[in-house]
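Before any comments, here is the structure.
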Amino acid sequence: MTSRRALLALPALLPFTRAARAATKIRFVTDWKAQAEHGGFYQAVADGLYARRGLEVQIVQGGPQVNVPQLLAGGAADFGIGSNSFIALNLVKQNIPIRAVMAIFQKDPQVLISHPRRDLNSIAEMRGKPVLISAATMTAFWPWLKAKFGFTDTQIRKYTYNLAPFIRDPNAIQEGYLTSEPFTIEQQAGFKPKVFLLADYGYPGYANMVLAPQKRIDTDRKTVQAFVDASRDGWLHYMKDPRKGNALIKRDNPDMTDAILAQALDKMNRYGMVLSRDGTSFGLGSMTDRQWKLFYDTMASEGLYPKGLDYRKAYDLSFVRATLQNFQ
């Protein structure tokens, strides 16, 4: 039993206890304005999952002028979102020491979209037909479409993120993001487009990854692990009941509506964006050497990356494997 003298002595120790338990402040920058694709991170804040692991996380919205790798490299952010596997490999190519430590999306949400036409039922059937794509796509998944399905550059038509040309032309095909353009087309045009998710046709990239500077990984593994663990749990919560996360999303981005958020989450579930592939086999957020090698080999064969690039510097699997052990 604790003596009265010991109890009286406790207040003198409290300042040291509080200092020892002070939360680690984290700035986490996203790749776009707040949306359902960031839902699990917001849910982790709302449910106190980061706080429970000793972190005080501030989510900083991204946008068209926000360069996540630049903020991480310059120390203006502690963690950030890597939208796709190209970003992580481009960092290796540029010799910038930042790694992906978990992948929320096991499938890249990139899609091709067509009108509800009967003569088009697969990506292979798009070969030879005009496709609206952006300039960035020409050095992203377009080479993969050329290699896998025999697409050619003569099919390219410029996509400027204006949906009007697609809506007006019943024969049009264009690129898009699973949780964005299909819904907007339905709202604006009054018809449900056909959606072809590239990942379901073998496109090997991860998406919605957590990036961490190598310096943080080397000097503060405990914080990286805590962020990965809490983010994983936040996503598990969000997929089941997103209300708390959505409230914070709408606070940060008033343009978000319940309808937009609901359809995005529905598509994430229906298309297996989060719980499929390695996420099903090894746990939410998991990555594998095999999948990264497949992505690198595919893109290197099309000349996007030099042969011999040490692609393994793009990622660190140790945090998601530790997460899996904790989860089990």
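For the structure tokens, the naming scheme is as follows: chains receive sequential letters (A, B, ...) according to their order of presentation, residues are indexed from 1 within each chain, and ligands are indexed from 1 in presentation order.
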Return as JSON lines the residues of region 125-212 of chain A lying at most 8 Å from region 93-113 of chain A, together with the closest atom-to-atom pair for each and the distance in Å to one decimal, counting only C-alpha atoms, with rows in chain order and ascending residue number.
{"residue": "A:Ile173", "atom": "CA", "partner": "A:Ile113", "partner_atom": "CA", "distance": 5.6}
{"residue": "A:Gln174", "atom": "CA", "partner": "A:Ile113", "partner_atom": "CA", "distance": 5.4}
{"residue": "A:Glu175", "atom": "CA", "partner": "A:Leu112", "partner_atom": "CA", "distance": 4.5}
{"residue": "A:Gly176", "atom": "CA", "partner": "A:Val111", "partner_atom": "CA", "distance": 5.2}
{"residue": "A:Tyr177", "atom": "CA", "partner": "A:Gln110", "partner_atom": "CA", "distance": 4.8}
{"residue": "A:Leu178", "atom": "CA", "partner": "A:Pro109", "partner_atom": "CA", "distance": 5.1}
{"residue": "A:Thr179", "atom": "CA", "partner": "A:Pro109", "partner_atom": "CA", "distance": 7.5}
{"residue": "A:Pro182", "atom": "CA", "partner": "A:Ile113", "partner_atom": "CA", "distance": 7.5}
{"residue": "A:Pro193", "atom": "CA", "partner": "A:Ile113", "partner_atom": "CA", "distance": 6.4}
{"residue": "A:Lys194", "atom": "CA", "partner": "A:Ile113", "partner_atom": "CA", "distance": 5.6}
{"residue": "A:Val195", "atom": "CA", "partner": "A:Ile113", "partner_atom": "CA", "distance": 4.8}
{"residue": "A:Phe196", "atom": "CA", "partner": "A:Leu112", "partner_atom": "CA", "distance": 5.2}
{"residue": "A:Leu197", "atom": "CA", "partner": "A:Val111", "partner_atom": "CA", "distance": 4.4}
{"residue": "A:Leu198", "atom": "CA", "partner": "A:Val111", "partner_atom": "CA", "distance": 5.5}
{"residue": "A:Ala199", "atom": "CA", "partner": "A:Lys107", "partner_atom": "CA", "distance": 5.6}
{"residue": "A:Tyr203", "atom": "CA", "partner": "A:Asp108", "partner_atom": "CA", "distance": 7.8}
{"residue": "A:Pro204", "atom": "CA", "partner": "A:Lys107", "partner_atom": "CA", "distance": 7.5}
{"residue": "A:Gly205", "atom": "CA", "partner": "A:Asp108", "partner_atom": "CA", "distance": 5.8}
{"residue": "A:Tyr206", "atom": "CA", "partner": "A:Gln106", "partner_atom": "CA", "distance": 5.2}
{"residue": "A:Ala207", "atom": "CA", "partner": "A:Phe105", "partner_atom": "CA", "distance": 4.9}
{"residue": "A:Asn208", "atom": "CA", "partner": "A:Ile104", "partner_atom": "CA", "distance": 5.5}
{"residue": "A:Met209", "atom": "CA", "partner": "A:Ala103", "partner_atom": "CA", "distance": 4.2}
{"residue": "A:Val210", "atom": "CA", "partner": "A:Met102", "partner_atom": "CA", "distance": 5.4}
{"residue": "A:Leu211", "atom": "CA", "partner": "A:Ala100", "partner_atom": "CA", "distance": 4.4}
{"residue": "A:Ala212", "atom": "CA", "partner": "A:Arg99", "partner_atom": "CA", "distance": 5.4}
Alpha helix (DSSP H) positions in region 110-307 of chain A, given as a ChimeraX atom specification: /A:142-149,164-168,181-189,214-219,221-240,243-252,258-270,277-282,289-301
In region 132-250 of chain A, DSSP strand (DSSP E or B) residues written as a PyMOL selection string: chain A and resi 132-133+156-158+173-177+194-197+207-213
May I have the selected residues written with N, CA, C and O atoms, as a PDB file, in the first residue's frame?
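Listed below is the output, again-v8.pdb:
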ATOM      1  N   LEU A 132      -9.240  10.444 -74.589  1.00  0.00           N
ATOM      2  CA  LEU A 132      -8.866  11.729 -73.995  1.00  0.00           C
ATOM      3  C   LEU A 132      -7.999  11.483 -72.765  1.00  0.00           C
ATOM      4  O   LEU A 132      -8.454  10.892 -71.792  1.00  0.00           O
ATOM      5  N   ILE A 133      -6.729  11.932 -72.806  1.00  0.00           N
ATOM      6  CA  ILE A 133      -5.840  11.774 -71.660  1.00  0.00           C
ATOM      7  C   ILE A 133      -5.090  13.082 -71.406  1.00  0.00           C
ATOM      8  O   ILE A 133      -4.927  13.912 -72.301  1.00  0.00           O
ATOM      9  N   ILE A 156      -4.312   9.337 -78.967  1.00  0.00           N
ATOM     10  CA  ILE A 156      -4.354  10.363 -77.925  1.00  0.00           C
ATOM     11  C   ILE A 156      -5.113  11.606 -78.378  1.00  0.00           C
ATOM     12  O   ILE A 156      -4.873  12.155 -79.464  1.00  0.00           O
ATOM     13  N   ARG A 157      -6.038  12.018 -77.520  1.00  0.00           N
ATOM     14  CA  ARG A 157      -6.706  13.314 -77.642  1.00  0.00           C
ATOM     15  C   ARG A 157      -6.514  14.026 -76.311  1.00  0.00           C
ATOM     16  O   ARG A 157      -6.522  13.393 -75.257  1.00  0.00           O
ATOM     17  N   LYS A 158      -6.368  15.343 -76.323  1.00  0.00           N
ATOM     18  CA  LYS A 158      -6.024  16.083 -75.110  1.00  0.00           C
ATOM     19  C   LYS A 158      -7.200  16.183 -74.141  1.00  0.00           C
ATOM     20  O   LYS A 158      -8.297  16.598 -74.520  1.00  0.00           O
ATOM     21  N   ILE A 173     -14.021   8.315 -75.188  1.00  0.00           N
ATOM     22  CA  ILE A 173     -13.405   7.560 -74.093  1.00  0.00           C
ATOM     23  C   ILE A 173     -12.438   8.518 -73.410  1.00  0.00           C
ATOM     24  O   ILE A 173     -11.748   9.300 -74.091  1.00  0.00           O
ATOM     25  N   GLN A 174     -12.385   8.498 -72.100  1.00  0.00           N
ATOM     26  CA  GLN A 174     -11.444   9.378 -71.424  1.00  0.00           C
ATOM     27  C   GLN A 174     -10.931   8.750 -70.129  1.00  0.00           C
ATOM     28  O   GLN A 174     -11.510   7.808 -69.598  1.00  0.00           O
ATOM     29  N   GLU A 175      -9.830   9.312 -69.647  1.00  0.00           N
ATOM     30  CA  GLU A 175      -9.285   8.893 -68.360  1.00  0.00           C
ATOM     31  C   GLU A 175     -10.112   9.499 -67.225  1.00  0.00           C
ATOM     32  O   GLU A 175     -10.900  10.424 -67.430  1.00  0.00           O
ATOM     33  N   GLY A 176      -9.910   8.975 -66.026  1.00  0.00           N
ATOM     34  CA  GLY A 176     -10.597   9.535 -64.873  1.00  0.00           C
ATOM     35  C   GLY A 176     -10.114   8.880 -63.597  1.00  0.00           C
ATOM     36  O   GLY A 176      -9.219   8.023 -63.614  1.00  0.00           O
ATOM     37  N   TYR A 177     -10.691   9.317 -62.491  1.00  0.00           N
ATOM     38  CA  TYR A 177     -10.399   8.789 -61.164  1.00  0.00           C
ATOM     39  C   TYR A 177     -11.669   8.131 -60.666  1.00  0.00           C
ATOM     40  O   TYR A 177     -12.753   8.734 -60.728  1.00  0.00           O
ATOM     41  N   LYS A 194     -19.790   3.810 -68.399  1.00  0.00           N
ATOM     42  CA  LYS A 194     -19.085   2.555 -68.155  1.00  0.00           C
ATOM     43  C   LYS A 194     -17.716   2.887 -67.572  1.00  0.00           C
ATOM     44  O   LYS A 194     -17.029   3.799 -68.057  1.00  0.00           O
ATOM     45  N   VAL A 195     -17.326   2.160 -66.547  1.00  0.00           N
ATOM     46  CA  VAL A 195     -16.077   2.432 -65.840  1.00  0.00           C
ATOM     47  C   VAL A 195     -15.186   1.198 -65.903  1.00  0.00           C
ATOM     48  O   VAL A 195     -15.608   0.098 -65.543  1.00  0.00           O
ATOM     49  N   PHE A 196     -13.944   1.400 -66.353  1.00  0.00           N
ATOM     50  CA  PHE A 196     -12.973   0.312 -66.474  1.00  0.00           C
ATOM     51  C   PHE A 196     -11.783   0.637 -65.580  1.00  0.00           C
ATOM     52  O   PHE A 196     -10.966   1.506 -65.911  1.00  0.00           O
ATOM     53  N   LEU A 197     -11.700  -0.026 -64.423  1.00  0.00           N
ATOM     54  CA  LEU A 197     -10.620   0.210 -63.471  1.00  0.00           C
ATOM     55  C   LEU A 197      -9.358  -0.487 -63.974  1.00  0.00           C
ATOM     56  O   LEU A 197      -9.328  -1.714 -64.122  1.00  0.00           O
ATOM     57  N   ALA A 207      -1.485   3.044 -54.442  1.00  0.00           N
ATOM     58  CA  ALA A 207      -1.875   4.452 -54.404  1.00  0.00           C
ATOM     59  C   ALA A 207      -2.208   4.846 -52.968  1.00  0.00           C
ATOM     60  O   ALA A 207      -2.351   3.986 -52.099  1.00  0.00           O
ATOM     61  N   ASN A 208      -2.329   6.170 -52.763  1.00  0.00           N
ATOM     62  CA  ASN A 208      -2.693   6.690 -51.443  1.00  0.00           C
ATOM     63  C   ASN A 208      -1.733   6.161 -50.372  1.00  0.00           C
ATOM     64  O   ASN A 208      -2.148   5.631 -49.351  1.00  0.00           O
ATOM     65  N   MET A 209      -0.443   6.335 -50.634  1.00  0.00           N
ATOM     66  CA  MET A 209       0.591   5.814 -49.734  1.00  0.00           C
ATOM     67  C   MET A 209       1.009   6.861 -48.710  1.00  0.00           C
ATOM     68  O   MET A 209       0.907   8.058 -48.962  1.00  0.00           O
ATOM     69  N   VAL A 210       1.490   6.412 -47.580  1.00  0.00           N
ATOM     70  CA  VAL A 210       2.098   7.299 -46.589  1.00  0.00           C
ATOM     71  C   VAL A 210       3.593   7.367 -46.881  1.00  0.00           C
ATOM     72  O   VAL A 210       4.274   6.332 -46.923  1.00  0.00           O
ATOM     73  N   LEU A 211       4.098   8.587 -47.093  1.00  0.00           N
ATOM     74  CA  LEU A 211       5.518   8.809 -47.336  1.00  0.00           C
ATOM     75  C   LEU A 211       6.189   9.346 -46.071  1.00  0.00           C
ATOM     76  O   LEU A 211       5.607  10.181 -45.364  1.00  0.00           O
ATOM     77  N   ALA A 212       7.403   8.888 -45.824  1.00  0.00           N
ATOM     78  CA  ALA A 212       8.175   9.354 -44.666  1.00  0.00           C
ATOM     79  C   ALA A 212       9.609   9.614 -45.100  1.00  0.00           C
ATOM     80  O   ALA A 212      10.190   8.830 -45.839  1.00  0.00           O
ATOM     81  N   PRO A 213      10.207  10.713 -44.641  1.00  0.00           N
ATOM     82  CA  PRO A 213      11.622  10.963 -44.937  1.00  0.00           C
ATOM     83  C   PRO A 213      12.504   9.880 -44.326  1.00  0.00           C
ATOM     84  O   PRO A 213      12.233   9.391 -43.223  1.00  0.00           O
TER      85      PRO A 213
END
Find the residues near Leu145 (chain A): any atom within 9 Å, counting only C-alpha atoms, skip ones fewer than 6 places away on the same chain, and give them as a VMD selection string. chain A and resid 123 151 to 152 203
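CA of Asp153 (chain A) sits 21.5 Å away from CA of Asp297 (chain A).
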What's around Lys33 (chain A) at 9 Å? Count only C-alpha atoms, leave out sequence neighbours fewer than 5 positions away in its own chain, and write the answer as a short mmCIF file (atom, residue, chain, number, x, y, z; two decimals) with all heavy atoms, in the first residue's frame.
data_model
loop_
_atom_site.label_atom_id
_atom_site.label_comp_id
_atom_site.auth_asym_id
_atom_site.auth_seq_id
_atom_site.Cartn_x
_atom_site.Cartn_y
_atom_site.Cartn_z
N VAL A 60 -2.85 18.59 -43.02
CA VAL A 60 -2.74 19.78 -43.85
C VAL A 60 -3.23 19.43 -45.25
O VAL A 60 -2.67 18.53 -45.90
CB VAL A 60 -1.29 20.29 -43.90
CG1 VAL A 60 -1.20 21.54 -44.76
CG2 VAL A 60 -0.76 20.55 -42.50
N GLN A 61 -4.25 20.12 -45.72
CA GLN A 61 -4.80 19.82 -47.04
C GLN A 61 -3.80 20.12 -48.16
O GLN A 61 -3.09 21.13 -48.12
CB GLN A 61 -6.04 20.67 -47.30
CG GLN A 61 -7.25 20.30 -46.51
CD GLN A 61 -8.47 21.06 -47.00
OE1 GLN A 61 -9.22 20.55 -47.83
NE2 GLN A 61 -8.67 22.26 -46.50
N GLY A 62 -3.78 19.25 -49.14
CA GLY A 62 -3.02 19.51 -50.34
C GLY A 62 -3.86 20.28 -51.35
O GLY A 62 -4.92 20.80 -51.03
N GLY A 63 -3.39 20.32 -52.58
CA GLY A 63 -4.09 21.03 -53.64
C GLY A 63 -3.19 21.16 -54.84
O GLY A 63 -2.07 20.63 -54.86
N PRO A 64 -3.65 21.88 -55.87
CA PRO A 64 -2.87 21.96 -57.13
C PRO A 64 -1.49 22.60 -56.96
O PRO A 64 -0.59 22.33 -57.74
CB PRO A 64 -3.78 22.78 -58.04
CG PRO A 64 -4.73 23.50 -57.14
CD PRO A 64 -4.93 22.60 -55.97
N ILE A 249 -13.72 16.08 -42.54
CA ILE A 249 -13.47 16.36 -43.96
C ILE A 249 -14.28 17.57 -44.41
O ILE A 249 -13.77 18.48 -45.07
CB ILE A 249 -13.81 15.12 -44.82
CG1 ILE A 249 -12.77 14.02 -44.59
CG2 ILE A 249 -13.87 15.49 -46.30
CD1 ILE A 249 -13.12 12.69 -45.23
N ASP A 252 -12.90 20.85 -43.12
CA ASP A 252 -11.74 21.34 -43.86
C ASP A 252 -12.07 21.72 -45.29
O ASP A 252 -11.45 22.62 -45.85
CB ASP A 252 -10.63 20.27 -43.86
CG ASP A 252 -9.82 20.27 -42.58
OD1 ASP A 252 -10.15 21.05 -41.67
OD2 ASP A 252 -8.85 19.48 -42.48
N ASN A 253 -13.03 21.01 -45.89
CA ASN A 253 -13.38 21.25 -47.29
C ASN A 253 -14.90 21.35 -47.42
O ASN A 253 -15.57 20.34 -47.67
CB ASN A 253 -12.84 20.12 -48.17
CG ASN A 253 -13.12 20.34 -49.65
OD1 ASN A 253 -13.62 21.39 -50.05
ND2 ASN A 253 -12.82 19.34 -50.47
#
Please report the interatomic distance between CA of Asp289 (chain A) and CA of Phe86 (chain A) in Å with one decimal. 15.5 Å
Write out as an MDAnalysis selection string which residues come within 7 Å of region 307-317 of chain A when counting only C-alpha atoms, dropping same-chain ones fewer than 2 positions away. chainID A and resid 88:89 92 99:101 287 296 300 305 319:321
Okay, now the selection with all heavy atoms, as a tab-separated table (two decimals), in the first residue's frame?
chain	number	residue	atom	x	y	z
A	88	ALA	N	6.83	7.63	-55.72
A	88	ALA	CA	7.88	7.00	-54.92
A	88	ALA	C	9.10	6.63	-55.76
A	88	ALA	O	10.24	6.84	-55.33
A	88	ALA	CB	7.31	5.75	-54.23
A	89	LEU	N	8.89	6.12	-56.95
A	89	LEU	CA	10.02	5.75	-57.81
A	89	LEU	C	10.72	6.97	-58.38
A	89	LEU	O	11.94	6.97	-58.57
A	89	LEU	CB	9.55	4.84	-58.93
A	89	LEU	CG	9.41	3.36	-58.57
A	89	LEU	CD1	8.91	2.56	-59.76
A	89	LEU	CD2	10.73	2.78	-58.08
A	92	VAL	N	13.29	8.09	-55.97
A	92	VAL	CA	14.51	7.29	-56.06
A	92	VAL	C	15.35	7.77	-57.24
A	92	VAL	O	16.58	7.94	-57.12
A	92	VAL	CB	14.18	5.79	-56.22
A	92	VAL	CG1	15.46	4.97	-56.38
A	92	VAL	CG2	13.37	5.29	-55.03
A	99	ARG	N	10.56	7.58	-48.41
A	99	ARG	CA	10.04	6.24	-48.73
A	99	ARG	C	8.56	6.09	-48.39
A	99	ARG	O	8.06	6.72	-47.47
A	99	ARG	CB	10.82	5.17	-47.94
A	99	ARG	CG	12.29	5.09	-48.29
A	99	ARG	CD	12.87	3.79	-47.78
A	99	ARG	NE	14.30	3.70	-48.01
A	99	ARG	CZ	14.97	2.55	-48.09
A	99	ARG	NH1	14.34	1.40	-47.94
A	99	ARG	NH2	16.26	2.53	-48.31
A	100	ALA	N	7.91	5.20	-49.15
A	100	ALA	CA	6.54	4.80	-48.81
A	100	ALA	C	6.62	3.79	-47.68
A	100	ALA	O	7.38	2.83	-47.75
A	100	ALA	CB	5.86	4.18	-50.03
A	101	VAL	N	5.83	4.01	-46.62
A	101	VAL	CA	5.85	3.09	-45.48
A	101	VAL	C	4.55	2.31	-45.34
A	101	VAL	O	4.47	1.37	-44.55
A	101	VAL	CB	6.18	3.83	-44.16
A	101	VAL	CG1	7.60	4.36	-44.20
A	101	VAL	CG2	5.18	4.95	-43.89
A	287	MET	N	2.34	-3.80	-48.20
A	287	MET	CA	2.98	-3.78	-49.50
A	287	MET	C	3.90	-5.00	-49.58
A	287	MET	O	4.24	-5.59	-48.56
A	287	MET	CB	3.82	-2.50	-49.68
A	287	MET	CG	3.06	-1.20	-49.46
A	287	MET	SD	4.09	0.29	-49.67
A	287	MET	CE	5.21	0.14	-48.25
A	296	TYR	N	7.93	-1.70	-61.12
A	296	TYR	CA	9.19	-1.18	-61.67
A	296	TYR	C	9.54	-1.84	-63.00
A	296	TYR	O	9.86	-1.17	-63.98
A	296	TYR	CB	10.33	-1.37	-60.68
A	296	TYR	CG	11.68	-1.15	-61.32
A	296	TYR	CD1	12.09	0.13	-61.69
A	296	TYR	CD2	12.52	-2.23	-61.60
A	296	TYR	CE1	13.32	0.33	-62.33
A	296	TYR	CE2	13.75	-2.04	-62.22
A	296	TYR	CZ	14.14	-0.75	-62.58
A	296	TYR	OH	15.33	-0.56	-63.22
A	300	ALA	N	9.98	0.18	-66.35
A	300	ALA	CA	11.33	0.23	-66.88
A	300	ALA	C	11.39	-0.35	-68.30
A	300	ALA	O	12.14	0.13	-69.15
A	300	ALA	CB	12.29	-0.53	-65.97
A	305	TYR	N	11.92	4.27	-66.53
A	305	TYR	CA	12.98	4.25	-65.51
A	305	TYR	C	14.18	3.51	-66.07
A	305	TYR	O	14.03	2.57	-66.86
A	305	TYR	CB	12.48	3.57	-64.23
A	305	TYR	CG	11.35	4.32	-63.57
A	305	TYR	CD1	10.05	3.85	-63.64
A	305	TYR	CD2	11.58	5.52	-62.90
A	305	TYR	CE1	9.00	4.55	-63.07
A	305	TYR	CE2	10.55	6.23	-62.32
A	305	TYR	CZ	9.26	5.74	-62.40
A	305	TYR	OH	8.22	6.44	-61.84
A	319	PHE	N	7.45	-1.43	-41.46
A	319	PHE	CA	6.41	-0.87	-40.60
A	319	PHE	C	5.06	-1.55	-40.81
A	319	PHE	O	4.31	-1.75	-39.87
A	319	PHE	CB	6.29	0.64	-40.84
A	319	PHE	CG	7.54	1.37	-40.51
A	319	PHE	CD1	8.43	1.75	-41.51
A	319	PHE	CD2	7.86	1.66	-39.19
A	319	PHE	CE1	9.61	2.41	-41.20
A	319	PHE	CE2	9.04	2.32	-38.87
A	319	PHE	CZ	9.91	2.70	-39.88
A	320	VAL	N	4.76	-1.92	-42.05
A	320	VAL	CA	3.49	-2.61	-42.28
A	320	VAL	C	3.58	-4.05	-41.81
A	320	VAL	O	2.58	-4.63	-41.39
A	320	VAL	CB	3.05	-2.53	-43.76
A	320	VAL	CG1	2.52	-1.15	-44.07
A	320	VAL	CG2	4.17	-2.89	-44.72
A	321	ARG	N	4.76	-4.64	-41.86
A	321	ARG	CA	4.88	-6.01	-41.33
A	321	ARG	C	4.75	-6.02	-39.82
A	321	ARG	O	4.15	-6.90	-39.24
A	321	ARG	CB	6.21	-6.60	-41.79
A	321	ARG	CG	6.20	-6.94	-43.26
A	321	ARG	CD	7.46	-7.61	-43.72
A	321	ARG	NE	7.34	-8.05	-45.11
A	321	ARG	CZ	8.34	-8.54	-45.82
A	321	ARG	NH1	9.53	-8.68	-45.28
A	321	ARG	NH2	8.14	-8.92	-47.05
Measuring between only C-alpha atoms, which one of A:Lys129, A:His38, A:Lys146, A:Arg290 shows the shortest distance to Arg232 (chain A)? A:His38
Set the distance at 10 Å and use only C-alpha atoms: which residues neighbour Phe183 (chain A) once local chain neighbours fewer than 6 positions away are removed? I'd like the list as number ranges by chain. A: 177, 189, 191-193, 259-260, 263-264
Could the residues in this selection be written to a file with N, CA, C and O atoms, as a tab-separated table (two decimals), in the first residue's frame?
chain	number	residue	atom	x	y	z
A	177	TYR	N	-10.69	9.32	-62.49
A	177	TYR	CA	-10.40	8.79	-61.16
A	177	TYR	C	-11.67	8.13	-60.67
A	177	TYR	O	-12.75	8.73	-60.73
A	189	ALA	N	-24.57	14.83	-66.70
A	189	ALA	CA	-25.09	14.36	-67.99
A	189	ALA	C	-26.34	13.50	-67.86
A	189	ALA	O	-27.06	13.29	-68.84
A	191	PHE	N	-26.51	10.30	-67.26
A	191	PHE	CA	-26.36	8.88	-67.61
A	191	PHE	C	-25.21	8.30	-66.82
A	191	PHE	O	-24.32	9.00	-66.35
A	192	LYS	N	-25.23	6.98	-66.66
A	192	LYS	CA	-24.20	6.29	-65.90
A	192	LYS	C	-23.15	5.76	-66.87
A	192	LYS	O	-23.43	4.88	-67.70
A	193	PRO	N	-21.92	6.29	-66.81
A	193	PRO	CA	-20.90	5.84	-67.76
A	193	PRO	C	-20.39	4.44	-67.42
A	193	PRO	O	-20.53	3.96	-66.29
A	259	ALA	N	-23.33	13.29	-50.33
A	259	ALA	CA	-23.51	12.44	-51.51
A	259	ALA	C	-22.16	12.09	-52.14
A	259	ALA	O	-21.92	10.93	-52.53
A	260	ILE	N	-21.27	13.08	-52.26
A	260	ILE	CA	-19.95	12.82	-52.84
A	260	ILE	C	-19.17	11.85	-51.97
A	260	ILE	O	-18.55	10.90	-52.47
A	263	GLN	N	-20.71	8.16	-52.18
A	263	GLN	CA	-20.42	7.41	-53.41
A	263	GLN	C	-18.96	7.01	-53.49
A	263	GLN	O	-18.62	5.95	-54.00
A	264	ALA	N	-18.07	7.86	-52.95
A	264	ALA	CA	-16.64	7.54	-52.97
A	264	ALA	C	-16.35	6.33	-52.09
A	264	ALA	O	-15.63	5.41	-52.49
Rank nothing, just name the residue among A:Glu56, A:Asp169, A:Glu186, A:Asp47 nearest to Tyr238 (chain A), using only C-alpha atoms.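 The answer is A:Asp47, which sits nearest to Tyr238 (chain A).
Candidate residues A:Gly190, A:Gly82, A:Gly128, A:Pro242 were compared for distance to Gln70 (chain A), and the nearest is A:Gly82, using only C-alpha atoms.
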